[in-house]
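Working notes for the structure below.
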Amino acid sequence: MKIVHVTSAHSRNSSRIFHKMALSSVSFGHNVSLVVADGKKNNFKNSISFYDVGRFHNKYLRFFISSLKVVLKAKSLNADVYHLHDPDLLLWALLLRGRGIKVIFDAHEDYPLQILHKHYIPSYIRKPLSIAFDFLQMFVCKRIYGVIAATPFIREKFYHQVTKTVDIKNYPLRSEFELSLSSTPILESKSFVASYVGGITTVRGIKEVVQAFELLSDKFTLKLAGNFLETNLQNDLQTMPGWSSVDYKGFLSRPDIIRLLGQSNCGIVTLHPTANYIDALPIKMFEYMAVGIPVIASDFPLLRSIVEKYDCGLLVNPQDPIAISKAVQYLNDNPNRAMEMGHNGETAFVSSLNFDSEAILLNEFYG
């Protein structure tokens, strides 16, 4: 099949779009292209053709004009399957329909819910805008071939109105972690390293994590990797006593992240209980499992079902620094149990919680 991925907002090197979905389809023998709007020009890489329509820095121009340009470019490629990755593309998605052509929308997030928590949108229009977008989303999706959802929760929101719906979860790639698999971290040592990787924000629990390390002795270190996504957040954290236990690494490449995690004793993913996170599947948790370290995760029903099923870590109230510090202390005091949890997580990742199995489902859906 000729499959064209279309995005006006994501990078051409997007983990989900390029590394996972597009490359997996190439391995299944399909002809794959990506239409992007990043200003990096046309290119050919890993048997995939990239078509660039140019970049708008203004987000409002991107929303309306870039989305139209990528859709028109995609239409000119005469594909069998068009796979759309951004909510703004729904404005023009029906232009891609044609005889024998399948158009798919990939719901990376619960966008109507996300709108309610966008701080740059005036509060008085968030709810009506969310309702309007939900109507547009369902109106369009009922008229295209189907929907791919990033989580089971998002899939359920579509399923009753769009029967051709499947969830393709954003698990890590096994190939990224092959060198680290079966390399058990050294848990019995004079120091204990906990890691937190990914975008750093208040609602992802960073303040409580730093506060937790204030309650621990100086043998405990928090290695922090990622960009600060809120103005002044880094300055605020640096005034906290717990910051003396933080080793901030900044933004790291994928190989460096995997190396960092391989040298850690546990991984922390304590998202706040916001509507956007309660039913999310944070990729960092599966990355921690992939390298064989126990996780300390928010005690939400979805995450609890995974942590308890695979016995791969501890659950805490993400807004309770004392609970987080006690979980870190427990893993330090019980190295054999921590090693067992880490091994269980790695086994679960290798057997089922990786993108290899999702790639099969994706390409069956295309078929």
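Naming scheme: A, B, ... for chains in displayed order of the structure tokens; residues 1 onward per chain; ligands 1 onward as shown.
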
*Non-local contacts of Gly29 in chain A (12 Å; only C-alpha atoms; under 3 positions in same chain excluded) as a list in words*: Met1, Lys2, Ile3, Ala22, Leu23, Ser24, Ser25, Val26, Val32, Ser47, Ile48, Asn363 and Gly367 of chain A

*Skip range 51-55 of chain A itself and residues of its chain fewer than 2 positions away, then list as a PyMOL selection string all residues within 8 Å of it, counting only C-alpha atoms.*
chain A and resi 33-43+49+57+62+66+69-70+73

Keeping only C-alpha atoms, take the residues you just selected and write them out as a CSV table (one decimal), in the first residue's frame.
chain,number,residue,atom,x,y,z
A,33,SER,CA,5.8,9.1,2.9
A,34,LEU,CA,5.5,11.9,5.4
A,35,VAL,CA,4.1,15.3,4.7
A,36,VAL,CA,5.4,17.9,7.2
A,37,ALA,CA,5.5,21.6,7.8
A,38,ASP,CA,8.9,22.2,9.5
A,39,GLY,CA,10.8,24.2,6.9
A,40,LYS,CA,13.6,21.5,6.6
A,41,LYS,CA,12.8,20.8,2.9
A,42,ASN,CA,12.1,17.6,1.0
A,43,ASN,CA,14.2,14.6,1.9
A,49,SER,CA,10.0,10.3,1.4
A,57,HIS,CA,6.1,30.4,13.4
A,62,ARG,CA,0.0,27.1,11.4
A,66,SER,CA,-0.2,24.9,7.4
A,69,LYS,CA,-1.1,23.1,2.8
A,70,VAL,CA,-0.1,19.7,4.1
A,73,LYS,CA,0.3,18.2,-0.7

*Write out as a PyMOL selection string the residues lying within 7 Å of Pro318 in chain A, counting only C-alpha atoms and excluding same-chain residues fewer than 2 positions away.*
chain A and resi 205+270-272+298+316+320

_All helix (DSSP H, G or I) residues (DSSP, backbone) inside range 191-347 of chain A, as an MDAnalysis selection string_ = chainID A and resid 202:204 206:214 233:238 241:245 254:262 283:290 301:310 321:333 335:347

_According to DSSP computed on the backbone, where in range 161-270 of chain A is there strand (DSSP E)? Give the residues as a ChimeraX atom specification._
/A:165-167,192-197,220-225,246-250,266-269

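Comparing A:Ile125, A:Glu176, A:Asn332, A:Val103 by their smallest distance to Lys164 in chain A, the closest is A:Val103 (using only C-alpha atoms).
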
*Compile the contact shell of Asp256 in chain A as a list in words: residues with an atom at most 12 Å away, counting only C-alpha atoms, same-chain residues fewer than 6 positions apart removed.*
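The contact residues come out as Glu176, Phe177, Ser180, Val197, Ala225, Gly226, Lys249, Gly250, Gly262 and Gln263 of chain A.
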
Could you turn the residues from that selection into a file that holds C-alpha atoms, as a PDB file, in the first residue's frame?
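Saved file result.pdb follows:
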ATOM      1  CA  GLU A 176      16.089   1.204  21.362  1.00  0.00           C
ATOM      2  CA  PHE A 177      16.669  -0.811  24.507  1.00  0.00           C
ATOM      3  CA  SER A 180      20.316  -2.351  28.006  1.00  0.00           C
ATOM      4  CA  VAL A 197      13.002  12.048  32.414  1.00  0.00           C
ATOM      5  CA  ALA A 225      16.624  15.099  32.346  1.00  0.00           C
ATOM      6  CA  GLY A 226      14.420  17.219  30.107  1.00  0.00           C
ATOM      7  CA  LYS A 249      21.223  17.013  33.040  1.00  0.00           C
ATOM      8  CA  GLY A 250      19.245  19.257  30.710  1.00  0.00           C
ATOM      9  CA  GLY A 262      20.643   2.124  32.953  1.00  0.00           C
ATOM     10  CA  GLN A 263      22.714   3.739  35.702  1.00  0.00           C
TER      11      GLN A 263
END
